[in-house]
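Quick notes on the structure that follows.
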Amino acid sequence: MEYKGPSVEAINQYQGKDGNYSNRQDNLFKLFPFTTHKQCPDVFPGSFMKIASGLDIKEELSSDNLYSEVIALIEGSLYGDSKDVTIEVLHEIIVSSETSNSNNLRIALSSKTTNSSNKTATYLVSMVDDRNKLRSIARSAIRNSDQDANVVERVIYEVVPIEESKVSEEKYYFRINNALSGVFSGDLNFVLSDPKLTELYLKPLLHFYFFMTVAQNSLTVNKKTRGNRDELEELYFALDWEKTNQTRACYKSGFKKLESALEEMFVHAGVLEILNTVDDGNSVQPIDYIGIRDLIEADPDAEEEIAENIRKATLQIQAYKYETELFADSSLEETPVTSAIDEIGYLFDSVKTILFNTTRNKPRCDYSNSFRLFCQSDLCFEKRRGRSGTLLNITDKTLLLLTILSIGSNENISLTDLFKEFKRRGVSLDESSKEQVAAYFEKRSMLDKKSDSGETQYVKRVL
């Protein structure tokens, strides 16, 4: 049935335990893969390949058990000097599979996973529009990995055979912004097309797209009904080694722009959970702010009922018990019901008041700070820059990753087109940063001038 707005009865059953607002999230509407326990998300290639391919191992073994079973399988056929060498290679492969860093994608399927790595992997898979195509890309890469396997790896395959896995649709996350979906699929296909590229760039590729999709979804959802699914919000980055100041775009339109959206992540998760708490008999697919806007634009007659139901939900949320009197002076009940968009705004402000002014403020901060921890780790997308404060950051590793992806299978790319490709992936650079990029490539002999005038510069393809 079509969406008619949230149900007070359903909200009371789901959120109103003992007259208290429980702020349950991530069940009816899955927005972000974070919890209220401050923890840096795990992004493992092994977890991603499992969920992307729809393949899993029959039984997840610890490295010690895996090692023992393989030795038991082959020990009788080993002799002489080859025995020690084979066992040494075997041990090295199994240890790498334990940490999900194996260069063999088939072995990576047997890596240990965590709840966090499974959630981030599911989140990344959810951001792809065509999951059947993604599955085909992942399985093709695993098949190619099988063909390149050595003898020891093939023995491990016997101990940990793979099978079809089943991922419920309920586990997928809602894709607020679609703009990176096709770009991610294309870049993943390119990186998985060559073992050397996979070895060097699969992990940073997944880290980059996890960062960028969370950032873009945060910015889009924070616009509520004004969001645009098909456009990227412009985010300016600074290079890790360059000097910055507060007059530049990387200060005005970088982390400062993103930070306000990150602070509201937990609020949006709660609001969208409420908006999707409907009567059992009115079951619908998950819907976000943009979906409600589009529904009303397509059927203006539906707006009145939706707006009234959102108002009722807001009043019910305000009526629950809190540590302090948050809504004692609220005159919301006396004001007339306006548009559905305005009612969404009232509901959002009410939930924000609860989360910012009660004991739920710490969980709210820990939720977004989990992502901040990720931004500060590994590829370091977030960096403190003295007077400039915190800026979005591009390390040399990320720069090389973006360059490899932008050039693709071509021999080179002009600097102008390179920066367009960066922007297509969500990375904007001002003129000062672009000059620094050109200097970086020139210093490493990666820059050619091919036009007669010498004005057009090309970046050469490298691994």
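Just so we're on the same page: first chain in the structure tokens is A, next is B, and so on; residues restart at 1 for each chain, and ligands are numbered from 1 in the order they show up.
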Identify, on the basis of only C-alpha atoms, every residue whose closest approach to Lys312 of chain A does not exceed 9 Å; exclude the query and any residue fewer than 5 positions from it along the same chain; express the result as a PDB file with N, CA and C atoms, in the first residue's frame.
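Final output, saved to out06.pdb:
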```
ATOM      1  N   PRO A   6       3.572   8.192   9.379  1.00  0.00           N
ATOM      2  CA  PRO A   6       3.764   7.311  10.534  1.00  0.00           C
ATOM      3  C   PRO A   6       2.480   7.094  11.315  1.00  0.00           C
ATOM      4  N   SER A   7       2.453   6.026  12.084  1.00  0.00           N
ATOM      5  CA  SER A   7       1.286   5.665  12.890  1.00  0.00           C
ATOM      6  C   SER A   7       1.614   5.829  14.378  1.00  0.00           C
ATOM      7  N   VAL A   8       0.786   6.568  15.103  1.00  0.00           N
ATOM      8  CA  VAL A   8       0.998   6.770  16.536  1.00  0.00           C
ATOM      9  C   VAL A   8       0.938   5.441  17.271  1.00  0.00           C
ATOM     10  N   ALA A 307       0.735  14.871   6.242  1.00  0.00           N
ATOM     11  CA  ALA A 307       1.105  15.956   7.150  1.00  0.00           C
ATOM     12  C   ALA A 307       0.456  15.773   8.523  1.00  0.00           C
ATOM     13  N   ILE A 317       5.828  11.905  20.269  1.00  0.00           N
ATOM     14  CA  ILE A 317       7.240  11.895  20.675  1.00  0.00           C
ATOM     15  C   ILE A 317       7.470  12.920  21.781  1.00  0.00           C
ATOM     16  N   GLU A 333       0.692  21.844  19.476  1.00  0.00           N
ATOM     17  CA  GLU A 333      -0.632  21.239  19.368  1.00  0.00           C
ATOM     18  C   GLU A 333      -1.688  22.264  18.970  1.00  0.00           C
TER      19      GLU A 333
END
```
For this session: Find the residues near segment 139-152 of chain A: any atom within 6 Å, counting only C-alpha atoms, skip ones fewer than 5 places away on the same chain, and give them as a PyMOL selection string.
Result: chain A and resi 53+104-106+192
How would the residues just chosen look if you wrote them out with C-alpha atoms as a tab-separated table (two decimals), in the first residue's frame?
```tsv
chain	number	residue	atom	x	y	z
A	53	SER	CA	29.96	-11.80	-4.76
A	104	ASN	CA	44.22	-13.87	-3.40
A	105	LEU	CA	40.53	-12.93	-3.48
A	106	ARG	CA	39.50	-16.56	-3.07
A	192	LEU	CA	39.63	-6.05	-9.93
```
Exercise. Do you know which residues are at most 10 Å from segment 341-343 of chain A counting only C-alpha atoms, after dropping those on the same chain fewer than 4 positions away, and could you put them as a list in words?
Worked result: Lys224, Thr225, Arg226, Tyr289, Ile292, Arg293, Ile296, Glu303, Ile306, Ala307, Glu308, Asn309, Ile310, Arg311, Lys312, Ala313, Thr314, Val337, Leu347, Phe348 and Asp349 of chain A
Seminar exercise, completed: Correct to one decimal, the distance atom CA of Tyr251 of chain A-atom CA of Val427 of chain A is 14.0 Å
Exercise. What are the DSSP alpha helix (DSSP H) residues of segment 172-272 of chain A, as a ChimeraX atom specification?
Worked result: /A:181-192,195-221,249-252,255-263,265-272
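Distance annotation: of A:Arg135, A:His268, A:Lys112, A:Lys119, the residue with the minimal separation from Ser368 of chain A is A:His268; atom set is only C-alpha atoms.
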For this session: Quick one: everything within 10 Å of Phe210 of chain A, counting only C-alpha atoms, minus sequence neighbours fewer than 3 positions away in the same chain. Send it as a PyMOL selection string.
Result: chain A and resi 41+43+120-121+123-124+127+204-207+213-215+371+374-375
Exercise. How many Å separate atom CA of Glu164 of chain A from atom CA of Ile51 of chain A?
Worked result: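 Answer for the atom CA of Glu164 of chain A to atom CA of Ile51 of chain A separation: 10.4 Å.
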Among segment 163-246 of chain A, which ones does DSSP assign to strand (DSSP E or B) (computed from the backbone)? Answer as a short mmCIF file (atom, residue, chain, number, x, y, z; two decimals) with all heavy atoms, in the first residue's frame.
```cif
data_model
loop_
_atom_site.label_atom_id
_atom_site.label_comp_id
_atom_site.auth_asym_id
_atom_site.auth_seq_id
_atom_site.Cartn_x
_atom_site.Cartn_y
_atom_site.Cartn_z
N GLU A 163 30.41 -21.56 -1.00
CA GLU A 163 29.03 -21.87 -1.32
C GLU A 163 28.26 -20.57 -1.49
O GLU A 163 28.77 -19.49 -1.16
CB GLU A 163 28.41 -22.70 -0.19
CG GLU A 163 28.38 -21.99 1.15
CD GLU A 163 27.78 -22.83 2.25
OE1 GLU A 163 27.42 -23.98 1.99
OE2 GLU A 163 27.69 -22.32 3.38
N GLU A 164 27.07 -20.66 -2.00
CA GLU A 164 26.22 -19.50 -2.15
C GLU A 164 25.80 -18.98 -0.77
O GLU A 164 25.43 -19.76 0.10
CB GLU A 164 24.97 -19.84 -2.96
CG GLU A 164 25.24 -20.24 -4.40
CD GLU A 164 25.54 -19.04 -5.29
OE1 GLU A 164 25.13 -17.93 -4.93
OE2 GLU A 164 26.19 -19.24 -6.33
N TYR A 236 35.74 20.54 -0.95
CA TYR A 236 37.12 20.90 -1.30
C TYR A 236 38.10 20.29 -0.30
O TYR A 236 37.88 20.32 0.90
CB TYR A 236 37.28 22.42 -1.34
CG TYR A 236 36.81 23.03 -2.64
CD1 TYR A 236 35.46 23.34 -2.84
CD2 TYR A 236 37.69 23.26 -3.69
CE1 TYR A 236 35.02 23.88 -4.04
CE2 TYR A 236 37.26 23.80 -4.89
CZ TYR A 236 35.92 24.11 -5.06
OH TYR A 236 35.49 24.63 -6.25
N ALA A 238 42.38 19.70 0.80
CA ALA A 238 43.74 20.22 0.74
C ALA A 238 44.70 19.04 0.67
O ALA A 238 44.43 17.96 1.19
CB ALA A 238 44.05 21.07 1.98
N LEU A 239 45.84 19.24 -0.01
CA LEU A 239 46.84 18.19 -0.09
C LEU A 239 47.58 18.11 1.24
O LEU A 239 47.81 19.12 1.91
CB LEU A 239 47.81 18.46 -1.23
CG LEU A 239 47.14 18.53 -2.61
CD1 LEU A 239 48.12 19.02 -3.66
CD2 LEU A 239 46.57 17.18 -3.00
#
```
For this session: Considering only C-alpha atoms, return as a PyMOL selection string whatever protein or nucleic-acid residues lie within 12 Å of Val183 of chain A, sequence-local ones (same chain, fewer than 6 positions apart) excluded.
Result: chain A and resi 127-130+189-190+205+209+212-213+232+402+405-406+421-426
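The gap separating atom CA of Ser433 of chain A from atom CA of Asn393 of chain A is 11.1 Å, in Å to one decimal.
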For this session: Determine, counting only C-alpha atoms, which protein, DNA and RNA residues have an atom within 10 Å of an atom of Asn132 of chain A; residues of the same chain fewer than 6 positions away are not included. Present the result as a PyMOL selection string.
Result: chain A and resi 52-54+138
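You can rank A:Leu355, A:Ile287, A:Leu400, A:Ile57 by their closest distance to Ser111 of chain A using only C-alpha atoms, and at the top of that list sits A:Ile57.
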Exercise. So which one's closest to Lys171 of chain A, A:Ile407, A:Ala439, A:Val267, A:Val125? Using only C-alpha atoms, please.
Worked result: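 Smallest separation from Lys171 of chain A among the options: A:Val125.
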For this session: Can you pull out every residue within 10 Å of Tyr3 of chain A, counting only C-alpha atoms, but drop anything in the same chain fewer than 6 positions away, and send it as a list in words?
Result: Leu275, Asn276, Val278, Asn282, Ser283, Val284, Gln285, Pro286, Ile287, Gly291, Ile292, Leu295, Ala302, Glu305 and Ile306 of chain A
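Taking only C-alpha atoms into account, Leu262 of chain A lies nearest to A:Tyr367 out of the set A:Phe29, A:Tyr173, A:Tyr367, A:Tyr201.
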